[in-house]
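One structure is given here, and the rest of the page talks about it.
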Number of protein chains: 2
Amino acid sequence: MVTISDVADHAGVSASTVSYVLSGKRSISESTAERVRGSIAELGYRPNARAVALASRRANAIALVAPLRADNNVPVIMQFVAAAAMAARARNHDVLLVTQEEGVAGLERVSGSSLVDAVIVMDVEIADRRIPMLTTLEIPAVMIGHPGHSQGISTIDLDMAGAAELAVQHLAELGHRSIAMLGSPSAVYERKSSYAIRFREGFERARTEFAVEGHWYPVEPSYQSTREVLQAHLAQHPETTGLVVHNESILGEVLAELADEGFRVPEDVSLVALCPPDLAVNQRVALTSIAVPTADIGAAAVDMVLGLVDGTAHAESRLITPVLTIRSSTAGPRPAVQPLDDETRTP
Amino acid sequence: MVTISDVADHAGVSASTVSYVLSGKRSISESTAERVRGSIAELGYRPNARAVALASRRANAIALVAPLRADNNVPVIMQFVAAAAMAARARNHDVLLVTQEEGVAGLERVSGSSLVDAVIVMDVEIADRRIPMLTTLEIPAVMIGHPGHSQGISTIDLDMAGAAELAVQHLAELGHRSIAMLGSPSAVYERKSSYAIRFREGFERARTEFAVEGHWYPVEPSYQSTREVLQAHLAQHPETTGLVVHNESILGEVLAELADEGFRVPEDVSLVALCPPDLAVNQRVALTSIAVPTADIGAAAVDMVLGLVDGTAHAESRLITPVLTIRSSTAGPRPAVQPLDDETRTP
DNA sequence: TTGAAAGCGTTACCAC
DNA sequence: GTGGTAACGCTTTCAA
């Protein structure tokens with residue numbers, strides 16, 4: 001292994017000088033800098049990350065606590081992870097993956113052993129047991145999600161409540177008066193994942209706000225569950241013409257089932273989804289949808305937490321405004337059977 | 001921060017003694033060991049991972065190069081990552097996530113800077129440009145996948161060719177004589193991802209081996225593509241009664257499309273999928289399927305590479321035997337129009 | 001069974 | 001503008 005002293009010797013300077021030309025933390029004459037760079041290239045010197053971390057008190061790494069469970073939103077999780085990893089690399093940091101299962105202990109471990117400089121926690125629950133512990137950590141943290149009480153820990157997420165309201169608003173403005181929300185699997189609500197709870201709350205609030213009839217259901221990621229929920233609801237509420245789907249993995253099933261039952265989209269039923277754009281576009285009908293801006297959120301989480309690390313930022317809670325993209329799955333409800341009534345009344 | 005010397009002072013021993021009670025690398029009298037453990041607990045001492053890494057020449061971390069792109073098999077990728085992370089933790093190692101985009105440079109970086117002790121590379125291509133570089137690394141590597149030439153680098157994967165053959169064999173033995181394979185998106189074949197190429201090769205070999213007619217098609221992850229490919233094939237080959245699907249994201253669409261066209265599964269068409277079991281089970285028909293044993297492969301990859309790190313193992317290539325689980329999507333083809341012919345022949 | 005001390009490869013402070 | 005040299009917090013050899 002080539003060390004900094006090897007480079008120093010080769011360039012005829014001291015080790016500290018080599019360190020300084022690398023870090024730029026003090027001015028070096030162009031001539032020696034050039035010489036040092038030459039030696040570095042010639043010898044193929046690579047700074048030893050372990051020694052750098054120990055001496056500089058910076059690991060140049062952040063921990064990412066990710067829910068790697070089988071879930072309905074795996075692609076979204078993956079996009080968060082990818083975005084965070086890329087953003088971290090762009091700022092010269094690496095990402096240490098910590099599984100959700102490690103829980104509180106995992107956070108204690110990576111922080112207590114100074115493995116990383118900061119931590120990003122995904123899939124936060126409304127009353128997440130990790131939050132109190134995050135406040136005691138010596139390293140900064142940011143959560144992707146929006147718990148009930150962030151207790152001074154930075155958070156960032158899509159405004160899920162706003163997203164649900166936006167979906168309902170869109171349908172309501174088109175004239176739909178009865179709307180059903182097909183939600184995430186029940187386990188997601190049971191563990192009170194903030195993204196799902198917030199979306200549901202937004203849906204319920206929007207119901208009042210826009211004076212529409214509204215019902216919501218958890219849906220398991222299966223054809224069976226999708227079919228049952230949809231059939232049961234439509235049997236009880238045949239007046240329903242609007243659907244809000246917050247469950248990526250059943251989109252195809254919902255559309256198939258609607259087709260099976262003779263409902264056309266958007267002529268008979270309008271549908272708004274919360275899902276990645278590519279999923280929305282690749283269905284039998286291009287779906288009007290709200291996207292989770294995973295790339296933005298992942299990158300912002302990294303920026304926020306590194307800002308805390310170097311002291312250039314303070315804790316904050318960011319909520320990203322949802323954007324609805326209108327495609328082909330939403331339209332005004334058809335004018336009911338009015339024309340016929342008119343005719344029978346004519347004579 | 002509590003250091004090892006703090007503990008040593010508190011326990012009235014030397015730092016080396018503390019180190020040895022922690023590592024167990026030399027015998028310590030039970031009395032002092034007890035005293036040291038007490039001090040550790042009392043002071044809340046956590047060894048500094050950076051210092052440990054530097055002094056012991058072990059980072060206790062492995063790099064995992066994962067394709068975090070949007071792809072058709074995101075859930076499988078995620079399961080590999082989760083399995084590797086858990087296996088690593090079980091062996092007291094952490095996982096550093098390296099994105100596929102970092103490519104060769106990423107491997108050079110984490111290895112050259114001694115960030116990690118070993119590397120696991122996923123989604124290997126047939127002639128992967130990273131292989132020659134892996135051979136030059138100072139740290140061991142294993143690839144998840146099965147390239148054309150592993151050049152002495154350990155590999156592990158499901159026997160994808162065998163999986164395809166198994167699928168065809170199952171259909172052939174049921175009596176199907178014309179089989180279509182709906183494969184991964186074309187981009188996967190273009191970049192020559194080993195898993196897809198191997199599966200296709202196995203399919204083509206099985207065609208001959210079991211003397212069946214066989215055609216394969218790449219399918220994009222969309223309703224549109226699924227529909228087009230299926231309709232085009234069935235129009236040209238109405239005799240097809242067997243389907244092999246190597247593309248998780250279109251399973252629902254395939255079944256929906258078959259239903260739309262009036263084909264019953266398995267009465268008219270039998271279908272074998274290569275996909276996670278939960279996906280197979282949650283379709284409108286429970287699918288006969290071959291699973292990728294992600295947990296086994298991920299754990300084995302970690303075991304193999306850590307075995308190389310501590311010198312207790314040698315490079316090897318492992319291929320895991322595929323297992324087919326019969327569910328409700330496969331049956332013998334219906335007896336064609338034979339009965340009618342018999343009757344016309346009777347008189 | 002235990003202690004002292006020399007590294008591990010950098011960084012950054014203190015001199016000049 | 002540059003060099004010397006303590007740290008950084010631990011592991012491990014050498015001695016006792």
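So you can find residues: chains in the structure tokens are A, B, ... in the order shown, residues in each start at 1, and ligands are numbered from 1 in order.
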
- Report the residues of segment 93-295 of chain A whose backbone DSSP state falls under strand (DSSP E or B), written as number ranges by chain. A: 94-99, 118-121, 125, 141-144, 154-158, 178-182, 193, 213-217, 242-245, 270-274, 288-290

- List the neighbours of segment 158-160 of chain A out to 7 Å using only C-alpha atoms (C1' of nucleotides); skip same-chain residues closer than 6 positions along the sequence, and give me the result as a PyMOL selection string. chain A and resi 195+198-199+292+319-322

Pull N, CA, C and O atoms from the residues just selected and write them as a tab-separated table (two decimals), in the first residue's frame.
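Generated file (selection35.tsv):
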```
chain	number	residue	atom	x	y	z
A	195	TYR	N	-46.65	7.94	6.04
A	195	TYR	CA	-47.10	8.32	4.70
A	195	TYR	C	-48.53	7.87	4.44
A	195	TYR	O	-49.33	8.60	3.88
A	198	ARG	N	-51.06	9.81	6.88
A	198	ARG	CA	-51.24	11.19	6.44
A	198	ARG	C	-52.11	11.27	5.19
A	198	ARG	O	-52.93	12.17	5.05
A	199	PHE	N	-51.92	10.35	4.30
A	199	PHE	CA	-52.71	10.36	3.07
A	199	PHE	C	-54.18	10.13	3.41
A	199	PHE	O	-55.07	10.80	2.91
A	292	VAL	N	-44.58	10.68	-6.16
A	292	VAL	CA	-43.72	10.95	-5.02
A	292	VAL	C	-42.38	11.37	-5.60
A	292	VAL	O	-41.75	10.59	-6.31
A	319	LEU	N	-42.08	20.00	3.80
A	319	LEU	CA	-43.17	19.26	3.19
A	319	LEU	C	-43.22	19.69	1.73
A	319	LEU	O	-43.33	20.88	1.43
A	320	ILE	N	-43.12	18.74	0.84
A	320	ILE	CA	-43.09	19.08	-0.58
A	320	ILE	C	-44.50	19.11	-1.15
A	320	ILE	O	-45.31	18.22	-0.90
A	321	THR	N	-44.77	20.16	-1.90
A	321	THR	CA	-46.11	20.33	-2.47
A	321	THR	C	-46.36	19.30	-3.57
A	321	THR	O	-45.55	19.18	-4.50
A	322	PRO	N	-47.45	18.58	-3.46
A	322	PRO	CA	-47.75	17.56	-4.46
A	322	PRO	C	-48.16	18.18	-5.80
A	322	PRO	O	-48.73	19.27	-5.84
```

- Message: Just want the 12 Å neighbourhood of Ala11 of chain B, counted on only C-alpha atoms (C1' of nucleotides), with same-chain residues fewer than 4 positions away dropped. Output as a PyMOL selection string.
- Response: chain B and resi 4-7+15+17-18+21+31-43

For the selection just defined, write its residues with N, CA, C and O atoms to a file, as an mmCIF file, in the first residue's frame.
```cif
data_model
loop_
_atom_site.group_PDB
_atom_site.id
_atom_site.type_symbol
_atom_site.label_atom_id
_atom_site.label_comp_id
_atom_site.auth_asym_id
_atom_site.auth_seq_id
_atom_site.Cartn_x
_atom_site.Cartn_y
_atom_site.Cartn_z
ATOM 1 N N ILE B 4 -11.003 3.651 25.235
ATOM 2 C CA ILE B 4 -10.545 2.423 25.868
ATOM 3 C C ILE B 4 -9.678 2.731 27.095
ATOM 4 O O ILE B 4 -9.655 1.958 28.064
ATOM 5 N N SER B 5 -8.976 3.869 27.057
ATOM 6 C CA SER B 5 -8.145 4.234 28.210
ATOM 7 C C SER B 5 -9.010 4.633 29.397
ATOM 8 O O SER B 5 -8.659 4.370 30.553
ATOM 9 N N ASP B 6 -10.138 5.277 29.104
ATOM 10 C CA ASP B 6 -11.064 5.617 30.190
ATOM 11 C C ASP B 6 -11.495 4.347 30.905
ATOM 12 O O ASP B 6 -11.528 4.278 32.136
ATOM 13 N N VAL B 7 -11.826 3.358 30.105
ATOM 14 C CA VAL B 7 -12.252 2.086 30.687
ATOM 15 C C VAL B 7 -11.110 1.462 31.478
ATOM 16 O O VAL B 7 -11.298 0.973 32.607
ATOM 17 N N ALA B 15 -4.864 -0.563 28.858
ATOM 18 C CA ALA B 15 -5.742 -0.527 27.696
ATOM 19 C C ALA B 15 -5.717 -1.864 26.955
ATOM 20 O O ALA B 15 -6.748 -2.336 26.474
ATOM 21 N N THR B 17 -5.358 -4.759 28.101
ATOM 22 C CA THR B 17 -6.203 -5.745 28.791
ATOM 23 C C THR B 17 -7.677 -5.563 28.409
ATOM 24 O O THR B 17 -8.382 -6.534 28.136
ATOM 25 N N VAL B 18 -8.091 -4.315 28.362
ATOM 26 C CA VAL B 18 -9.475 -4.064 27.952
ATOM 27 C C VAL B 18 -9.699 -4.610 26.543
ATOM 28 O O VAL B 18 -10.692 -5.298 26.267
ATOM 29 N N VAL B 21 -10.021 -8.356 26.700
ATOM 30 C CA VAL B 21 -11.272 -8.947 27.201
ATOM 31 C C VAL B 21 -12.367 -8.791 26.149
ATOM 32 O O VAL B 21 -13.223 -9.660 25.996
ATOM 33 N N SER B 31 -11.630 -12.626 37.217
ATOM 34 C CA SER B 31 -11.867 -11.474 38.099
ATOM 35 C C SER B 31 -11.652 -10.158 37.354
ATOM 36 O O SER B 31 -12.499 -9.263 37.394
ATOM 37 N N THR B 32 -10.535 -10.022 36.648
ATOM 38 C CA THR B 32 -10.316 -8.756 35.939
ATOM 39 C C THR B 32 -11.291 -8.614 34.782
ATOM 40 O O THR B 32 -11.793 -7.524 34.516
ATOM 41 N N ALA B 33 -11.559 -9.720 34.110
ATOM 42 C CA ALA B 33 -12.516 -9.649 33.001
ATOM 43 C C ALA B 33 -13.838 -9.093 33.501
ATOM 44 O O ALA B 33 -14.442 -8.214 32.889
ATOM 45 N N GLU B 34 -14.251 -9.593 34.637
ATOM 46 C CA GLU B 34 -15.508 -9.152 35.220
ATOM 47 C C GLU B 34 -15.467 -7.655 35.536
ATOM 48 O O GLU B 34 -16.404 -6.910 35.247
ATOM 49 N N ARG B 35 -14.359 -7.252 36.107
ATOM 50 C CA ARG B 35 -14.195 -5.851 36.475
ATOM 51 C C ARG B 35 -14.229 -4.953 35.232
ATOM 52 O O ARG B 35 -14.884 -3.909 35.213
ATOM 53 N N VAL B 36 -13.544 -5.414 34.200
ATOM 54 C CA VAL B 36 -13.512 -4.631 32.964
ATOM 55 C C VAL B 36 -14.910 -4.524 32.348
ATOM 56 O O VAL B 36 -15.357 -3.448 31.953
ATOM 57 N N ARG B 37 -15.589 -5.644 32.303
ATOM 58 C CA ARG B 37 -16.950 -5.623 31.747
ATOM 59 C C ARG B 37 -17.838 -4.665 32.535
ATOM 60 O O ARG B 37 -18.673 -3.965 31.966
ATOM 61 N N GLY B 38 -17.611 -4.661 33.838
ATOM 62 C CA GLY B 38 -18.381 -3.728 34.667
ATOM 63 C C GLY B 38 -18.108 -2.288 34.277
ATOM 64 O O GLY B 38 -19.042 -1.488 34.103
ATOM 65 N N SER B 39 -16.842 -1.959 34.112
ATOM 66 C CA SER B 39 -16.488 -0.589 33.744
ATOM 67 C C SER B 39 -17.048 -0.215 32.381
ATOM 68 O O SER B 39 -17.535 0.895 32.166
ATOM 69 N N ILE B 40 -16.974 -1.165 31.472
ATOM 70 C CA ILE B 40 -17.501 -0.907 30.129
ATOM 71 C C ILE B 40 -18.979 -0.548 30.210
ATOM 72 O O ILE B 40 -19.444 0.436 29.622
ATOM 73 N N ALA B 41 -19.697 -1.357 30.980
ATOM 74 C CA ALA B 41 -21.133 -1.112 31.114
ATOM 75 C C ALA B 41 -21.392 0.212 31.818
ATOM 76 O O ALA B 41 -22.221 1.018 31.383
ATOM 77 N N GLU B 42 -20.648 0.427 32.870
ATOM 78 C CA GLU B 42 -20.879 1.621 33.672
ATOM 79 C C GLU B 42 -20.597 2.900 32.887
ATOM 80 O O GLU B 42 -21.338 3.882 32.982
ATOM 81 N N LEU B 43 -19.511 2.870 32.123
ATOM 82 C CA LEU B 43 -19.138 4.064 31.372
ATOM 83 C C LEU B 43 -19.866 4.142 30.026
ATOM 84 O O LEU B 43 -19.835 5.170 29.356
#
```

- How would you write, as a ChimeraX atom specification, the set of residues in segment 114-270 of chain B that DSSP gives as alpha helix (DSSP H)? /B:130-136,160-174,186-190,194-209,223-236,251-260

- Surrounding residues of DT12 of chain D excluding itself and chain neighbours under 2 positions, 10 Å, only C-alpha atoms (C1' of nucleotides), as an MDAnalysis selection string: (chainID B and resid 16 19:20 55:56) or (chainID C and resid 6:7) or (chainID D and resid 14)

Take the residues just selected and output them with N, CA, C and O atoms (P, O5', C5', C4', C3', O3' and C1' of nucleotides) as a PDB file, in the first residue's frame.
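Result went into part_15.pdb, see below:
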```
ATOM      1  N   SER B  16      -4.535  -2.447  26.899  1.00  0.00           N
ATOM      2  CA  SER B  16      -4.455  -3.712  26.153  1.00  0.00           C
ATOM      3  C   SER B  16      -5.320  -4.782  26.803  1.00  0.00           C
ATOM      4  O   SER B  16      -5.953  -5.586  26.113  1.00  0.00           O
ATOM      5  N   SER B  19      -8.770  -4.293  25.668  1.00  0.00           N
ATOM      6  CA  SER B  19      -8.880  -4.770  24.298  1.00  0.00           C
ATOM      7  C   SER B  19      -9.007  -6.293  24.270  1.00  0.00           C
ATOM      8  O   SER B  19      -9.834  -6.840  23.539  1.00  0.00           O
ATOM      9  N   TYR B  20      -8.212  -6.950  25.095  1.00  0.00           N
ATOM     10  CA  TYR B  20      -8.220  -8.415  25.078  1.00  0.00           C
ATOM     11  C   TYR B  20      -9.482  -9.012  25.704  1.00  0.00           C
ATOM     12  O   TYR B  20      -9.940 -10.057  25.258  1.00  0.00           O
ATOM     13  N   ALA B  55      -6.484   0.142  13.127  1.00  0.00           N
ATOM     14  CA  ALA B  55      -5.492  -0.672  13.837  1.00  0.00           C
ATOM     15  C   ALA B  55      -5.571  -2.152  13.444  1.00  0.00           C
ATOM     16  O   ALA B  55      -4.552  -2.828  13.365  1.00  0.00           O
ATOM     17  N   SER B  56      -6.764  -2.628  13.222  1.00  0.00           N
ATOM     18  CA  SER B  56      -6.907  -4.072  12.963  1.00  0.00           C
ATOM     19  C   SER B  56      -6.812  -4.415  11.489  1.00  0.00           C
ATOM     20  O   SER B  56      -6.822  -5.581  11.114  1.00  0.00           O
TER      21      SER B  56
ATOM     22  P    DA C   6       7.825   2.946  22.029  1.00  0.00           P
ATOM     23  O5'  DA C   6       7.925   2.262  20.602  1.00  0.00           O
ATOM     24  C5'  DA C   6       8.147   0.843  20.507  1.00  0.00           C
ATOM     25  C4'  DA C   6       7.301   0.275  19.386  1.00  0.00           C
ATOM     26  C3'  DA C   6       7.209   1.188  18.164  1.00  0.00           C
ATOM     27  O3'  DA C   6       7.234   0.387  16.996  1.00  0.00           O
ATOM     28  C1'  DA C   6       5.052   0.724  18.936  1.00  0.00           C
ATOM     29  P    DG C   7       7.456   1.074  15.575  1.00  0.00           P
ATOM     30  O5'  DG C   7       6.303   2.184  15.624  1.00  0.00           O
ATOM     31  C5'  DG C   7       5.481   2.381  14.485  1.00  0.00           C
ATOM     32  C4'  DG C   7       4.563   1.189  14.274  1.00  0.00           C
ATOM     33  C3'  DG C   7       3.550   1.483  13.197  1.00  0.00           C
ATOM     34  O3'  DG C   7       3.420   0.384  12.332  1.00  0.00           O
ATOM     35  C1'  DG C   7       2.443   1.091  15.285  1.00  0.00           C
TER      36       DG C   7
ATOM     37  P    DC D  14       7.532  -9.463  18.239  1.00  0.00           P
ATOM     38  O5'  DC D  14       8.126  -8.823  19.579  1.00  0.00           O
ATOM     39  C5'  DC D  14       8.192  -7.400  19.694  1.00  0.00           C
ATOM     40  C4'  DC D  14       8.481  -7.014  21.128  1.00  0.00           C
ATOM     41  C3'  DC D  14       9.373  -8.023  21.877  1.00  0.00           C
ATOM     42  O3'  DC D  14      10.339  -7.291  22.610  1.00  0.00           O
ATOM     43  C1'  DC D  14       7.386  -7.646  23.094  1.00  0.00           C
TER      44       DC D  14
END
```

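Contact shell of DT1 of chain C at 9 Å (only C-alpha atoms (C1' of nucleotides); same-chain neighbours under 4 positions omitted): Ser27, Ile28 and Ser29 of chain B.
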
- Residues near segment 177-187 of chain A, cut-off 10 Å, only C-alpha atoms (C1' of nucleotides), skip fewer than 6 positions along chain, as an MDAnalysis selection string: chainID A and resid 71:73 164 168 171 193 196:197 199:200 203:204 207 210:222 225:226 229:230 233:234 237:251 254 269:274 333

For the selection just defined, write its residues with C-alpha atoms to a file, as a short mmCIF file (atom, residue, chain, number, x, y, z; two decimals), in the first residue's frame.
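Listed below is the output, again-v7.cif:
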```cif
data_model
loop_
_atom_site.label_atom_id
_atom_site.label_comp_id
_atom_site.auth_asym_id
_atom_site.auth_seq_id
_atom_site.Cartn_x
_atom_site.Cartn_y
_atom_site.Cartn_z
CA ASP A 71 -44.10 -4.25 0.75
CA ASN A 72 -46.42 -2.68 -1.71
CA ASN A 73 -44.16 0.24 -2.41
CA ALA A 164 -54.91 13.20 -0.99
CA VAL A 168 -60.11 14.55 -4.21
CA LEU A 171 -62.28 14.63 -8.85
CA SER A 193 -46.58 4.42 8.70
CA ALA A 196 -50.20 6.14 4.68
CA ILE A 197 -51.80 7.67 7.74
CA PHE A 199 -52.71 10.36 3.07
CA ARG A 200 -55.77 8.86 4.68
CA PHE A 203 -58.62 12.06 2.20
CA GLU A 204 -60.94 12.33 5.16
CA ARG A 207 -64.30 14.70 2.03
CA PHE A 210 -65.20 19.37 -0.98
CA ALA A 211 -68.48 18.02 0.31
CA VAL A 212 -68.24 14.64 -1.35
CA GLU A 213 -69.20 11.23 -0.13
CA GLY A 214 -66.07 9.26 0.59
CA HIS A 215 -65.04 5.83 1.86
CA TRP A 216 -61.63 4.32 2.22
CA TYR A 217 -60.40 0.73 2.40
CA PRO A 218 -57.11 -0.98 3.00
CA VAL A 219 -56.29 -3.31 0.13
CA GLU A 220 -53.87 -6.20 0.24
CA PRO A 221 -51.56 -6.53 -2.76
CA SER A 222 -53.53 -9.30 -4.42
CA SER A 225 -58.36 -8.42 -2.21
CA THR A 226 -58.65 -5.82 -4.94
CA VAL A 229 -62.97 -4.50 -1.95
CA LEU A 230 -64.00 -3.02 -5.26
CA HIS A 233 -67.93 -1.05 -2.38
CA LEU A 234 -69.60 -0.70 -5.75
CA HIS A 237 -72.32 2.54 -3.37
CA PRO A 238 -73.20 2.25 -7.05
CA GLU A 239 -73.20 6.01 -7.20
CA THR A 240 -69.42 6.08 -6.86
CA THR A 241 -67.68 7.51 -9.90
CA GLY A 242 -64.33 8.50 -8.47
CA LEU A 243 -61.44 6.36 -7.27
CA VAL A 244 -58.28 7.39 -5.46
CA VAL A 245 -55.67 4.62 -5.34
CA HIS A 246 -52.79 4.77 -2.90
CA ASN A 247 -51.33 1.36 -3.57
CA GLU A 248 -48.97 0.85 -6.46
CA SER A 249 -49.19 -2.87 -6.65
CA ILE A 250 -52.89 -3.11 -7.36
CA LEU A 251 -53.23 -0.53 -10.12
CA VAL A 254 -58.13 -2.28 -10.30
CA VAL A 269 -65.21 5.81 -13.35
CA SER A 270 -62.40 8.30 -12.92
CA LEU A 271 -59.21 7.26 -11.19
CA VAL A 272 -56.36 9.17 -9.59
CA ALA A 273 -53.30 7.28 -8.39
CA LEU A 274 -50.40 8.09 -6.12
CA PRO A 333 -68.94 11.85 -14.60
#
```

- Item | Å distance separating atom CA of Val104 of chain B from atom CA of Arg130 of chain B, one decimal place | 5.7 Å

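Of note, atom CA of Glu261 of chain A and atom CA of Leu324 of chain A are spaced 27.4 Å apart.
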